[in-house]
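What follows is a short report on a single structure.
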Amino acid sequence: MATPPARDVVSIDPRTGEAVEVVAQETTSAEVDRLCAAALAAAPALDGMGRAGRAALLRALADALEARREDVVATADRETALGGTRLNGELTRTCYQLRLFGEVIEEGSYLEATIDHPGDTPMGPRPDLRRMLVPIGPVAVFGASNFPLAFSVPGGDTASALAAGNPVIVKAHGSHPATSQLCFEIMSAAAREAGAPDGTLGIVHGVQAGADLVAHPAIRAVGFTGSVNGGKALLEIIERRPDPVPFFGELSSLNPVVVTPQAAAERGAQLGRELVGSFTLGAGQFCTKPGLAFVPAGPEGDAVLDAMAEAVRATDAPVLLNEGIATSYSRISGGLAELPGVSTVARGGEPQESGFRATPLLLETSAADMPHEVTEECFGPVSVVARYDDEKTLFAALEAMPSSLTATVLRGEGETELPLAVSQELRTRAGRLVYDAYPTGVAVSWAQHHGGPWPSTNSQHTSVGTTAIRRFLRPVSWQGAPQEVLPEELRDDYRGIPRRIDGKLQLPGE
């Protein structure tokens with residue numbers, strides 16, 4: 001049977017809904033196989049560059065992207081309508097995290113290097129044991145629609161996987177194929193100039209190519225940020241593999257916010273304006289968007305809701321990333337507004353132009369009789385306010401919350417008792433607890449955690465921050481090994497990184 005011709009990969013302008021250019025052809029199964037074989041072959045040499053070599057590689061990638069900032073931002077804006085200010089900030093973040101992971105691998109504690117010398121124990125003689133983390137192997141990364149840079153070809157999954165010593169093949173997102181291809185070409189050229197082996201970076205286009213990539217035996221882990229349905233489809237492919245591999249997915253999040261009565265009384269109007277700013281940021285297309293806010297009943301809570309309504313009415317219809325998101329937003333937000341017990345408080349500007357535009361929407365319900373549908377994520381500029389009469393009603397509603405990436409408490413000045421109780425209730429359901437701020441900002445840092453219980457597919461790891469590197473490493477122990485066969489970091493005379501020796505932490509130089 002003849003192989004069907006590859007289909008065009010088309011870049012669409014979401015402001016008009018019109019196709020602008022053909023970026024590439026969908027990647028064939030044969031080409032996926034070739035890329036995976038090249039990545040597998042590159043893995044030993046990439047690991048062999050050492051920590052210093054890979055740190056230099058990461059910095060070279062950041063420098064190359066910075067050098068093409070104007071082209072990258074212009075292409076991304078044309079494909080996403082996110083605007084130059086947002087995209088310049090996102091590129092700055094992207095380059096920062098590439099450089100930060102360079103610092104992580106130079107510092108070296110991520111290796112968890114541990115040495116137990118031979119000795120007597122209550123269990124009997126102990127052999128010489130040495131343990132550290134090593135690269136897991138080629139990693140498949142799926143770009144996200146809503147972050148064409150920070151969670152895409154040059155994003156955190158790619159940066160952390162390369163830092164760990166793993167080749168990366170990225171599945172370009174269909175919402176921004178031109179941006180993905182441009183970033184890949186910039187990074188590939190920089191990687192070659194930095195001495196990285198051929199096969200260190202690869203890119204594929206098309207849904208079938210993504211499925212082929214996840215199924216390929218050379219792939220040892222998958223990073224994904226996207227929808228629940230997309231994540232479940234990839235999980236099914238992984239489960240059918242003879243050797244299932246780790247799947248690190250961030251799939252959905254409601255991100256509940258609790259406004260305490262004291263906070264509402266002290267600064268209700270301010271909180272209302274800030275909440276709208278958060279849930280409409282980026283057209284509401286953040287995985288950390290606060291989709292449900294618990295606001296007290298009574299005059300203090302009314303001040304919060306009135307300010308929210310005023311801010312929503314003043315918000316124009318934003319452009320969404322693609323037709324699929326726009327269609328889903330219209331269907332889901334419209335369905336929420338029609339639920340029994342849910343009322344529409346305010347609507348933003350109606351779309352006046354073509355393209356994938358959406359009307360911002362503010363809805364209200366009772367925390368005591370909250371329909372379960374309002375606890376499901378709706379991607380886009382909509383949020384629901386649930387009014388509660390007392391703490392008993394609030395905590396009963398919190399018990400019905402699904403797991404989320406974040407949970408937020410907006411407190412009164414010096415208030416601790418109720419915020420502590422809310423934190424204890426929500427800690428089992430969230431990976432990041434936010435106080436007197438809003439969850440839509442996710443700093444890239446050593447202490448950051450971006451993940452949670454399901455629908456994060458692995459609650460033990462983060463996809464943002466320095467410890468994201470841990471996803472793409474696996475532990476190995478060497479027993480009775482001669483010094484010559486040990487990794488440098490486990491040899492007796494090495495002092496360059498923190499190590500735990502016979503149970504005691506040893507700092508560099510000690």
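Ordered as shown in the structure tokens, chains take letters A, B, and onward, while each chain numbers its residues from 1 and ligands are numbered from 1 in the order shown.
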
Per-residue nearest contacts range 22-134 of chain A to range 455-472 of chain A, cut-off 9 Å, using only C-alpha atoms, as CSV:
```
residue,atom,partner,partner_atom,distance
A:Gln97,CA,A:Gly465,CA,8.1
A:Leu100,CA,A:Thr466,CA,7.6
A:Phe101,CA,A:Thr466,CA,6.6
A:Val104,CA,A:Thr466,CA,6.8
A:Tyr110,CA,A:Arg470,CA,7.3
A:Leu111,CA,A:Arg470,CA,8.7
A:Leu133,CA,A:Arg470,CA,8.6
A:Val134,CA,A:Phe472,CA,8.6
```

Can I get the selected residues back with N, CA and C atoms, as a PDB file, in the first residue's frame?
```
ATOM      1  N   GLN A  97      15.749  30.742  32.488  1.00  0.00           N
ATOM      2  CA  GLN A  97      15.733  29.380  33.026  1.00  0.00           C
ATOM      3  C   GLN A  97      16.766  28.488  32.349  1.00  0.00           C
ATOM      4  N   LEU A 100      19.766  29.411  34.303  1.00  0.00           N
ATOM      5  CA  LEU A 100      19.649  28.918  35.674  1.00  0.00           C
ATOM      6  C   LEU A 100      19.978  27.426  35.753  1.00  0.00           C
ATOM      7  N   PHE A 101      19.504  26.653  34.778  1.00  0.00           N
ATOM      8  CA  PHE A 101      19.830  25.223  34.801  1.00  0.00           C
ATOM      9  C   PHE A 101      21.326  24.990  34.574  1.00  0.00           C
ATOM     10  N   VAL A 104      22.525  25.189  37.992  1.00  0.00           N
ATOM     11  CA  VAL A 104      22.132  23.997  38.742  1.00  0.00           C
ATOM     12  C   VAL A 104      23.132  22.866  38.531  1.00  0.00           C
ATOM     13  N   TYR A 110      22.170  18.418  42.586  1.00  0.00           N
ATOM     14  CA  TYR A 110      21.080  17.678  41.946  1.00  0.00           C
ATOM     15  C   TYR A 110      21.434  16.216  41.715  1.00  0.00           C
ATOM     16  N   LEU A 111      22.736  15.889  41.678  1.00  0.00           N
ATOM     17  CA  LEU A 111      23.173  14.509  41.428  1.00  0.00           C
ATOM     18  C   LEU A 111      22.900  13.587  42.612  1.00  0.00           C
ATOM     19  N   LEU A 133      22.667  10.186  40.546  1.00  0.00           N
ATOM     20  CA  LEU A 133      21.677  10.200  39.478  1.00  0.00           C
ATOM     21  C   LEU A 133      22.367  10.342  38.133  1.00  0.00           C
ATOM     22  N   VAL A 134      21.815   9.647  37.136  1.00  0.00           N
ATOM     23  CA  VAL A 134      22.368   9.680  35.781  1.00  0.00           C
ATOM     24  C   VAL A 134      21.246  10.003  34.797  1.00  0.00           C
TER      25      VAL A 134
END
```

DSSP helix (DSSP H, G or I) selection over range 226-312 of chain A, as a PyMOL selection string: chain A and resi 228-240+261-279+281-284+299-312

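In this model, the gap between CA of Ala293 in chain A and CA of Gln352 in chain A comes to 29.2 Å.
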
Members of range 81-162 of chain A assigned strand (DSSP E) by DSSP, as JSON, numbers by chain: {"A": [114, 115, 116, 119, 120, 121, 124, 125, 126, 129, 130, 131, 132, 133, 134, 135, 139, 140, 141, 142]}

Proximity to Asp436 in chain A - best of A:Val259, A:Val245, A:Ala189, A:Ile501, only C-alpha atoms: A:Val259

Test item: residues at most 9 Å from Phe286 in chain A, only C-alpha atoms, excluding those fewer than 6 positions along its chain, as a list in words: Asn146, Phe147, Phe279, Phe379, Gly380 and Thr440 of chain A

Keeping N, CA and C atoms for every residue in the selection just given, could you write it to a file as a short mmCIF file (atom, residue, chain, number, x, y, z; two decimals), in the first residue's frame?
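Saved result, again_23.cif, follows:
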```cif
data_model
loop_
_atom_site.label_atom_id
_atom_site.label_comp_id
_atom_site.auth_asym_id
_atom_site.auth_seq_id
_atom_site.Cartn_x
_atom_site.Cartn_y
_atom_site.Cartn_z
N ASN A 146 -0.36 27.69 25.21
CA ASN A 146 -0.47 29.00 25.86
C ASN A 146 0.87 29.63 26.21
N PHE A 147 1.98 28.88 26.10
CA PHE A 147 3.30 29.44 26.34
C PHE A 147 4.21 29.01 25.19
N PHE A 279 -7.66 36.60 36.51
CA PHE A 279 -8.33 35.58 35.70
C PHE A 279 -8.49 35.97 34.23
N PHE A 379 -11.02 26.92 30.21
CA PHE A 379 -9.85 27.66 29.73
C PHE A 379 -10.32 28.91 29.01
N GLY A 380 -9.98 30.07 29.55
CA GLY A 380 -10.42 31.32 28.96
C GLY A 380 -10.83 32.31 30.04
N THR A 440 -1.28 33.41 39.14
CA THR A 440 -0.92 33.41 37.72
C THR A 440 0.55 33.72 37.46
#
```
